[in-house]
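Here's the structure we're looking at; comments come further down.
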Amino acid sequence: MTRFIDTRALAALLAQVGVRRFMSELSVTMRDDYRRWHEFDKSARLAAHSDVGVIELMPISDASQYAFKYVNGHPSNGRYELPTVMAFGALADVETGYPTLLSELTLATGVRTAVASALAASVLARPDSATMGMIGCGAQSEFQAIAFESLLGVRRVRLYDIDAAAVAKLRRNLERHTDLVVEVVDSARAAAEGVDILTTATADKALATIVDTSMLSNGLHINAVGGDCPGKTELAAGVLEASSVFVEFEPQTRIEGDIQQMPGSFAVTELWQVLTGAHPGRVSDSEITVFDSVGFALEDYSMLRQVGHYAESLDIGERIHLVPNLDDNKNLYGLVDSALGERPARDAA
Ligand code: NAD
């Protein structure tokens with residue numbers, strides 16, 4: 001049978017394991033998966049765009065497991081009282097195609113995106129980084145702050161959002177769940193002032209300029225999370241020109257990331273190259289680095305495996321008949337027969 005994890009089950013799993021412990025273990029799993037880059041069958045995600053958003057499918061597999069995620073991005077979903085990003089996905093056995101896990105991935109995306117950001121920052125930000133500016137205080141923001149506090153050693157955050165209620169929500173959650181020193185500022189520029197790391201996680205289906213070159217300082221690492229689909233960016237082209245830019249999977253990021261503004265010849269480095277030591281990553285304390293994050297299927301593969309592991313060991317979620325378990329695999333119609341019970345088939349029709 002297939003294990004089914006809905007949003008409440010995943011929340012219970014995270015509460016039982018502890019978000020920080022889960023993130024710390026996922027960071028190791030994800031790093032190890034990135035290090036075996038060439039073992040994966042990879043493709044850029046398949047996107048269906050509309051004027052207001054995008055719906056995407058993200059498949060990936062290695063020799064033993066296949067994973068996919070369904071995810072949307074609709075920045076104006078607030079008017080329907082829905083989140084901007086919603087997702088679910090599955091893990092299957094490559095040998096048989098049997099789906100072993102069907103899981104919510106909205107909450108999971110918050111966790112895995114923050115872990116991917118922190119993993120990238122661990123090799124790209126200055127090692128003594130302790131302060132972070134956060135532009136965009138929506139659904140992703142707590143996860144980002146917690147991952148950077150527990151995996152990177154960030155101690156102080158500076159928050160900005162055009163929505164004061166989002167800032168208040170983030171401040172409240174961080175004061176309750178972290179030891180971070182929290183400061184609220186009144187502009188994106190103030191959020192970037194003097195920080196070691198700048199995280200941008202805004203949602204707007206526009207070629208926006210959240211960060212321009214006048215906001216840069218020597219040695220800054222930019223964790224650019226929100227520019228993740230065609231026609232949706234956060235960084236000015238000049239910011240990218242002034243920086244060393246790192247991406248997850250280049251063919252996908254060329255279409256979806258902030259580098260969509262740049263010519264195809266613009267040089268970028270894939271994260272796996274830094275994680276395997278094939279590329280040095282940051283080379284000086286004064287260099288400006290950008291992680292142009294769009295979210296890659298491998299991160300969901302790592303997440304799904306870890307969710308599956310804990311769901312089994314803690315027995316969380318339900319076991320469902322997502323695919324048939326038959327005594328006679330050629331008698332698929334027998335399922336209808338059983339559902340009809342004692343009634344003759346003609347009566348039921
Ligand atoms: P959200 O809608 O919950 O939050 C976005 C926040 O950005 C809102 O509070 C909004 O007020 C704020 N905002 C919009 N324009 C702004 C501006 N000009 N200046 C300051 N703040 C501004 O969305 P979310 O779920 O937190 O996602 C944030 C972004 O991250 C989205 O664009 C989403 O598509 C993207 N995302 C990327 C990844 C990835 O892997 N890279 C994963 C998940 C989400």
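Every chain in the structure tokens takes a letter, A first, then B, and so on in the order presented; its residues are numbered from 1, and the ligands are numbered from 1 following the presented order.
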
- [ ] Enumerate residues in contact with ligand 1: an atom-to-atom distance of at most 6 Å, counting only C-alpha atoms and all ligand atoms. Format the result as an MDAnalysis selection string.
- [x] chainID A and resid 73 75 84:85 113 135:141 161:163 166 201:204 210 225:228 293:295

Can you spit out the residues from that selection as a compact mmCIF listing (two decimals), in the first residue's frame, using N, CA, C and O atoms?
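Final output, selection01.txt:
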```txt
# COMPACT_ATOMS: atom_id res chain seq x y z
N GLY A 73 2.36 28.63 -8.63
CA GLY A 73 2.84 29.92 -8.11
C GLY A 73 1.85 30.98 -8.58
O GLY A 73 1.82 31.32 -9.76
N PRO A 75 0.87 34.63 -7.31
CA PRO A 75 1.08 35.73 -6.35
C PRO A 75 -0.19 36.45 -5.92
O PRO A 75 -0.23 37.03 -4.84
N THR A 84 0.12 31.50 -2.02
CA THR A 84 0.74 31.72 -3.35
C THR A 84 1.22 30.39 -3.93
O THR A 84 1.03 30.10 -5.11
N VAL A 85 1.84 29.58 -3.07
CA VAL A 85 2.45 28.31 -3.51
C VAL A 85 1.74 27.14 -2.83
O VAL A 85 1.56 27.16 -1.60
N THR A 113 13.06 24.38 0.55
CA THR A 113 13.62 25.57 -0.08
C THR A 113 14.59 26.26 0.87
O THR A 113 15.67 26.70 0.48
N ILE A 135 13.75 40.42 2.60
CA ILE A 135 12.76 41.20 1.87
C ILE A 135 11.70 40.22 1.37
O ILE A 135 11.99 39.33 0.57
N GLY A 136 10.48 40.38 1.89
CA GLY A 136 9.42 39.40 1.63
C GLY A 136 9.23 38.55 2.87
O GLY A 136 10.12 37.75 3.22
N CYS A 137 8.11 38.76 3.57
CA CYS A 137 7.89 38.06 4.86
C CYS A 137 6.67 37.13 4.77
O CYS A 137 5.89 37.03 5.71
N GLY A 138 6.51 36.48 3.63
CA GLY A 138 5.35 35.61 3.43
C GLY A 138 5.59 34.19 3.93
O GLY A 138 6.35 33.96 4.87
N ALA A 139 4.92 33.24 3.26
CA ALA A 139 4.89 31.85 3.73
C ALA A 139 6.28 31.21 3.87
O ALA A 139 6.51 30.40 4.76
N GLN A 140 7.21 31.57 2.98
CA GLN A 140 8.54 30.93 3.04
C GLN A 140 9.41 31.47 4.17
O GLN A 140 10.41 30.85 4.54
N SER A 141 9.09 32.65 4.67
CA SER A 141 10.09 33.42 5.43
C SER A 141 10.51 32.79 6.77
O SER A 141 11.69 32.81 7.10
N ASP A 161 8.71 44.11 4.26
CA ASP A 161 7.68 43.64 3.32
C ASP A 161 6.77 44.83 3.06
O ASP A 161 6.59 45.69 3.94
N ILE A 162 6.16 44.89 1.88
CA ILE A 162 5.19 45.97 1.62
C ILE A 162 3.91 45.75 2.43
O ILE A 162 3.11 46.66 2.57
N ASP A 163 3.73 44.54 2.96
CA ASP A 163 2.53 44.21 3.75
C ASP A 163 2.92 44.19 5.24
O ASP A 163 3.61 43.27 5.70
N ALA A 166 2.24 41.01 7.22
CA ALA A 166 3.18 39.90 6.99
C ALA A 166 4.42 40.07 7.86
O ALA A 166 4.93 39.11 8.44
N ALA A 201 12.45 37.02 -0.95
CA ALA A 201 11.40 36.01 -1.18
C ALA A 201 10.08 36.74 -1.37
O ALA A 201 9.13 36.58 -0.60
N THR A 202 10.06 37.59 -2.39
CA THR A 202 8.84 38.35 -2.69
C THR A 202 8.05 37.60 -3.77
O THR A 202 8.61 36.79 -4.51
N ALA A 203 6.76 37.88 -3.85
CA ALA A 203 5.92 37.24 -4.87
C ALA A 203 5.20 38.32 -5.66
O ALA A 203 4.40 39.06 -5.12
N ASP A 204 5.53 38.41 -6.93
CA ASP A 204 4.86 39.34 -7.82
C ASP A 204 5.15 38.84 -9.23
O ASP A 204 6.31 38.55 -9.54
N ILE A 210 13.79 44.41 -6.93
CA ILE A 210 13.75 44.52 -5.48
C ILE A 210 15.13 44.96 -4.97
O ILE A 210 15.25 45.67 -3.99
N VAL A 225 15.25 34.03 -3.80
CA VAL A 225 14.30 32.91 -3.82
C VAL A 225 13.08 33.20 -4.68
O VAL A 225 12.50 32.30 -5.28
N GLY A 226 12.69 34.47 -4.78
CA GLY A 226 11.38 34.79 -5.36
C GLY A 226 11.33 34.85 -6.89
O GLY A 226 10.26 34.67 -7.46
N GLY A 227 12.45 35.12 -7.55
CA GLY A 227 12.43 35.19 -9.03
C GLY A 227 12.55 33.78 -9.55
O GLY A 227 13.65 33.25 -9.67
N ASP A 228 11.41 33.15 -9.85
CA ASP A 228 11.47 31.70 -10.13
C ASP A 228 10.58 31.28 -11.28
O ASP A 228 10.22 30.11 -11.38
N SER A 293 18.06 31.00 -6.82
CA SER A 293 17.26 29.80 -6.55
C SER A 293 15.93 29.82 -7.28
O SER A 293 15.22 30.84 -7.27
N VAL A 294 15.60 28.70 -7.91
CA VAL A 294 14.25 28.56 -8.49
C VAL A 294 13.54 27.33 -7.93
O VAL A 294 12.33 27.17 -8.10
N GLY A 295 14.31 26.47 -7.27
CA GLY A 295 13.75 25.22 -6.75
C GLY A 295 13.93 24.11 -7.77
O GLY A 295 13.45 24.22 -8.90
```

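Excluding segment 237-250 of chain A itself and any same-chain residue fewer than 6 positions from it, the protein and nucleic acid residues within 8 Å of it, counting only C-alpha atoms, are Ala44, Val211, Asp212, Thr213, Leu216, Ile259, Gln261, Met262, Ala267, Val268, Thr269, Glu270, Leu271, Trp272, Glu287, Ile288, Thr289, Val290, Phe291, Asp292, Ser293, Val294, Gly295 and Phe296 of chain A.
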
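Within 9 Å of Ala108 of chain A, once only C-alpha atoms are used and residues closer than 2 positions along the same chain are dropped, the contacting residues are Thr7, Leu10, Ala87, Phe88, Ser103, Glu104, Leu105, Thr106, Gly110, Val111, Arg112, Thr113, Asp300, Met303, Leu304 and Val307 of chain A.
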
- [ ] Could you pull out the residues in segment 71-308 of chain A that DSSP calls alpha helix (DSSP H) from the backbone, as a ChimeraX atom specification?
- [x] /A:106-124,141-147,164-177,188-192,237-241,250-256,271-275,297-308

Could you list, with a cut-off of 12 Å and counting only C-alpha atoms, the residues of segment 32-147 of chain A near segment 172-181 of chain A, each shown with its nearest atom pair and the distance in Å rounded to one decimal, rows sorted by chain and ascending number, as a Markdown table?
```
| residue | atom | partner | partner_atom | distance |
| --- | --- | --- | --- | --- |
| A:Ala130 | CA | A:Leu180 | CA | 10.1 |
| A:Thr131 | CA | A:Val181 | CA | 9.3 |
| A:Met132 | CA | A:Leu180 | CA | 10.2 |
| A:Gly133 | CA | A:Val181 | CA | 11.8 |
| A:Cys137 | CA | A:Asn173 | CA | 11.0 |
| A:Gly138 | CA | A:Asn173 | CA | 11.7 |
| A:Ala139 | CA | A:Asn173 | CA | 11.5 |
| A:Ser141 | CA | A:Leu174 | CA | 9.7 |
| A:Glu142 | CA | A:Leu174 | CA | 6.9 |
| A:Phe143 | CA | A:Leu174 | CA | 9.9 |
| A:Gln144 | CA | A:Leu174 | CA | 10.8 |
| A:Ala145 | CA | A:Leu174 | CA | 7.8 |
| A:Ile146 | CA | A:Thr178 | CA | 7.0 |
| A:Ala147 | CA | A:Thr178 | CA | 10.4 |
```

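Take atom CA of Tyr310 of chain A and atom CA of Tyr66 of chain A: the distance between them is 18.3 Å.
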
Non-local contacts of Val54 of chain A (10 Å; only C-alpha atoms; under 3 positions in same chain excluded) as a short mmCIF file (atom, residue, chain, number, x, y, z; two decimals) with N, CA, C and O atoms, in the first residue's frame:
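Output contents, as saved in around-v9.cif:
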```
data_model
loop_
_atom_site.label_atom_id
_atom_site.label_comp_id
_atom_site.auth_asym_id
_atom_site.auth_seq_id
_atom_site.Cartn_x
_atom_site.Cartn_y
_atom_site.Cartn_z
N ALA A 47 6.07 23.61 -17.43
CA ALA A 47 5.27 24.69 -16.85
C ALA A 47 4.08 25.05 -17.72
O ALA A 47 4.18 25.09 -18.95
N ALA A 48 2.92 25.28 -17.08
CA ALA A 48 1.73 25.78 -17.78
C ALA A 48 1.48 27.20 -17.23
O ALA A 48 1.10 27.36 -16.07
N HIS A 49 1.74 28.20 -18.06
CA HIS A 49 1.62 29.59 -17.61
C HIS A 49 0.25 30.16 -17.92
O HIS A 49 -0.37 29.82 -18.93
N SER A 50 -0.22 31.06 -17.04
CA SER A 50 -1.40 31.87 -17.35
C SER A 50 -1.02 33.31 -17.01
O SER A 50 0.09 33.57 -16.53
N ASP A 51 -1.94 34.24 -17.18
CA ASP A 51 -1.62 35.64 -16.89
C ASP A 51 -1.33 35.86 -15.41
O ASP A 51 -0.63 36.79 -15.03
N VAL A 71 3.41 21.76 -8.45
CA VAL A 71 3.47 23.01 -7.66
C VAL A 71 2.95 24.17 -8.49
O VAL A 71 3.14 24.21 -9.70
N ASN A 72 2.25 25.09 -7.81
CA ASN A 72 1.79 26.29 -8.50
C ASN A 72 2.51 27.52 -7.93
O ASN A 72 3.17 27.44 -6.90
N GLY A 73 2.36 28.63 -8.63
CA GLY A 73 2.84 29.92 -8.11
C GLY A 73 1.85 30.98 -8.58
O GLY A 73 1.82 31.32 -9.76
N HIS A 74 1.00 31.45 -7.66
CA HIS A 74 -0.02 32.45 -8.01
C HIS A 74 0.05 33.60 -7.01
O HIS A 74 -0.62 33.56 -5.95
N PRO A 75 0.87 34.63 -7.31
CA PRO A 75 1.08 35.73 -6.35
C PRO A 75 -0.19 36.45 -5.92
O PRO A 75 -0.23 37.03 -4.84
N VAL A 85 1.84 29.58 -3.07
CA VAL A 85 2.45 28.31 -3.51
C VAL A 85 1.74 27.14 -2.83
O VAL A 85 1.56 27.16 -1.60
N LYS A 205 4.11 38.67 -10.05
CA LYS A 205 4.39 38.15 -11.39
C LYS A 205 4.83 39.34 -12.26
O LYS A 205 4.08 39.87 -13.08
N CYS A 229 10.23 32.23 -12.15
CA CYS A 229 9.46 31.82 -13.33
C CYS A 229 9.56 32.90 -14.40
O CYS A 229 9.88 34.05 -14.09
N PRO A 230 9.35 32.54 -15.67
CA PRO A 230 9.51 33.53 -16.73
C PRO A 230 8.66 34.77 -16.44
O PRO A 230 7.51 34.67 -16.04
#
```

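Take the candidates A:Leu298, A:Val123, A:Ala165, A:Ala12 and check each one against Phe40 of chain A using only C-alpha atoms; the shortest distance goes to A:Leu298.
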
Task: Computed interatomic separation between atom CA of Tyr333 of chain A and atom CA of Thr96 of chain A (Å) - done: 21.4 Å

Shell of 10 Å around Phe22 of chain A, only C-alpha atoms, local chain residues under 3 positions omitted, as a compact mmCIF listing (two decimals) with N, CA and C atoms, in the first residue's frame:
```
# COMPACT_ATOMS: atom_id res chain seq x y z
N LEU A 13 4.54 15.32 11.92
CA LEU A 13 5.86 14.69 11.77
C LEU A 13 6.96 15.69 12.12
N LEU A 14 6.82 16.92 11.59
CA LEU A 14 7.85 17.95 11.85
C LEU A 14 7.88 18.30 13.33
N ALA A 15 6.70 18.36 13.95
CA ALA A 15 6.64 18.71 15.37
C ALA A 15 7.30 17.61 16.21
N GLN A 16 7.06 16.36 15.81
CA GLN A 16 7.61 15.24 16.58
C GLN A 16 9.14 15.15 16.43
N VAL A 17 9.61 15.30 15.18
CA VAL A 17 11.06 15.20 14.95
C VAL A 17 11.76 16.47 15.43
N GLY A 18 11.08 17.62 15.26
CA GLY A 18 11.69 18.93 15.54
C GLY A 18 12.13 19.53 14.21
N VAL A 19 11.69 20.76 13.94
CA VAL A 19 11.98 21.37 12.64
C VAL A 19 13.49 21.51 12.43
N GLU A 25 19.21 17.29 9.26
CA GLU A 25 19.39 16.00 8.58
C GLU A 25 19.13 16.14 7.08
N LEU A 26 18.13 16.95 6.73
CA LEU A 26 17.82 17.13 5.30
C LEU A 26 18.98 17.82 4.58
N SER A 27 19.65 18.71 5.29
CA SER A 27 20.78 19.41 4.68
C SER A 27 21.88 18.42 4.29
N VAL A 111 10.19 23.96 3.88
CA VAL A 111 11.35 23.36 4.55
C VAL A 111 12.48 23.14 3.55
N VAL A 115 16.24 24.85 3.32
CA VAL A 115 17.43 24.01 3.48
C VAL A 115 18.35 24.16 2.27
N MET A 303 13.69 15.58 0.00
CA MET A 303 12.66 15.84 1.02
C MET A 303 11.69 14.66 1.12
N GLN A 306 13.14 11.76 2.93
CA GLN A 306 13.24 11.94 4.38
C GLN A 306 11.85 11.89 5.04
N VAL A 307 10.86 12.45 4.36
CA VAL A 307 9.48 12.37 4.88
C VAL A 307 9.08 10.89 4.95
N TYR A 310 10.77 9.06 7.96
CA TYR A 310 10.19 9.36 9.27
C TYR A 310 8.73 8.89 9.38
```

Open item on the list: Using only C-alpha atoms, which protein or nucleic acid residues come within 10 Å of Ala311 of chain A? Drop anything in the same chain fewer than 2 positions from it, and give the result as a PyMOL selection string.
Closed with: chain A and resi 3-5+9-10+13+101+305-309+313-318

Selected residues written out with N, CA and C atoms, as a compact mmCIF listing (two decimals), in the first residue's frame:
```txt
# COMPACT_ATOMS: atom_id res chain seq x y z
N ARG A 3 1.88 4.99 1.36
CA ARG A 3 1.71 5.84 2.55
C ARG A 3 1.27 7.22 2.09
N PHE A 4 0.25 7.76 2.76
CA PHE A 4 -0.31 9.06 2.40
C PHE A 4 -0.08 10.04 3.55
N ILE A 5 0.56 11.15 3.22
CA ILE A 5 0.87 12.17 4.24
C ILE A 5 0.16 13.46 3.83
N ALA A 9 -0.58 15.69 8.77
CA ALA A 9 0.36 14.61 9.12
C ALA A 9 1.80 15.11 9.02
N LEU A 10 2.09 15.90 7.98
CA LEU A 10 3.47 16.40 7.88
C LEU A 10 3.79 17.37 9.01
N LEU A 13 4.54 15.32 11.92
CA LEU A 13 5.86 14.69 11.77
C LEU A 13 6.96 15.69 12.12
N LEU A 101 4.94 6.54 -1.73
CA LEU A 101 4.58 7.68 -0.88
C LEU A 101 3.84 8.72 -1.71
N ARG A 305 12.13 11.58 0.35
CA ARG A 305 12.75 10.40 0.96
C ARG A 305 12.81 10.53 2.48
N GLN A 306 13.14 11.76 2.93
CA GLN A 306 13.24 11.94 4.38
C GLN A 306 11.85 11.89 5.04
N VAL A 307 10.86 12.45 4.36
CA VAL A 307 9.48 12.37 4.88
C VAL A 307 9.08 10.89 4.95
N GLY A 308 9.36 10.13 3.90
CA GLY A 308 9.01 8.71 3.86
C GLY A 308 9.68 7.95 4.98
N HIS A 309 10.94 8.24 5.21
CA HIS A 309 11.70 7.56 6.26
C HIS A 309 11.04 7.79 7.63
N SER A 313 9.05 5.23 10.22
CA SER A 313 9.58 4.90 11.55
C SER A 313 8.67 5.41 12.67
N LEU A 314 7.95 6.51 12.44
CA LEU A 314 7.05 7.03 13.48
C LEU A 314 5.60 6.62 13.24
N ASP A 315 5.39 5.89 12.16
CA ASP A 315 4.05 5.46 11.73
C ASP A 315 3.08 6.65 11.69
N ILE A 316 3.44 7.62 10.88
CA ILE A 316 2.59 8.81 10.70
C ILE A 316 1.96 8.74 9.31
N GLY A 317 0.71 9.20 9.23
CA GLY A 317 -0.02 9.16 7.95
C GLY A 317 -0.86 7.91 7.84
N GLU A 318 -1.48 7.77 6.67
CA GLU A 318 -2.36 6.60 6.45
C GLU A 318 -1.75 5.72 5.38
```

Open item on the list: One decimal, in Å: what's the spacing between atom CA of Leu82 of chain A and atom CA of Gly53 of chain A?
Closed with: 13.0 Å

Open item on the list: Using only C-alpha atoms, which protein or nucleic acid residues come within 8 Å of segment 283-285 of chain A? Drop anything in the same chain fewer than 3 positions from it, and give the result as a PyMOL selection string.
Closed with: chain A and resi 126+218-219+280

Could you write those residues out with C-alpha atoms, as an mmCIF file, in the first residue's frame?
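Writing done, so here's result26.cif:
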```cif
data_model
loop_
_atom_site.group_PDB
_atom_site.id
_atom_site.type_symbol
_atom_site.label_atom_id
_atom_site.label_comp_id
_atom_site.auth_asym_id
_atom_site.auth_seq_id
_atom_site.Cartn_x
_atom_site.Cartn_y
_atom_site.Cartn_z
ATOM 1 C CA ARG A 126 31.305 34.504 4.150
ATOM 2 C CA ASN A 218 31.387 44.022 -0.564
ATOM 3 C CA GLY A 219 31.176 40.399 0.522
ATOM 4 C CA PRO A 280 35.732 26.786 -5.471
#
```
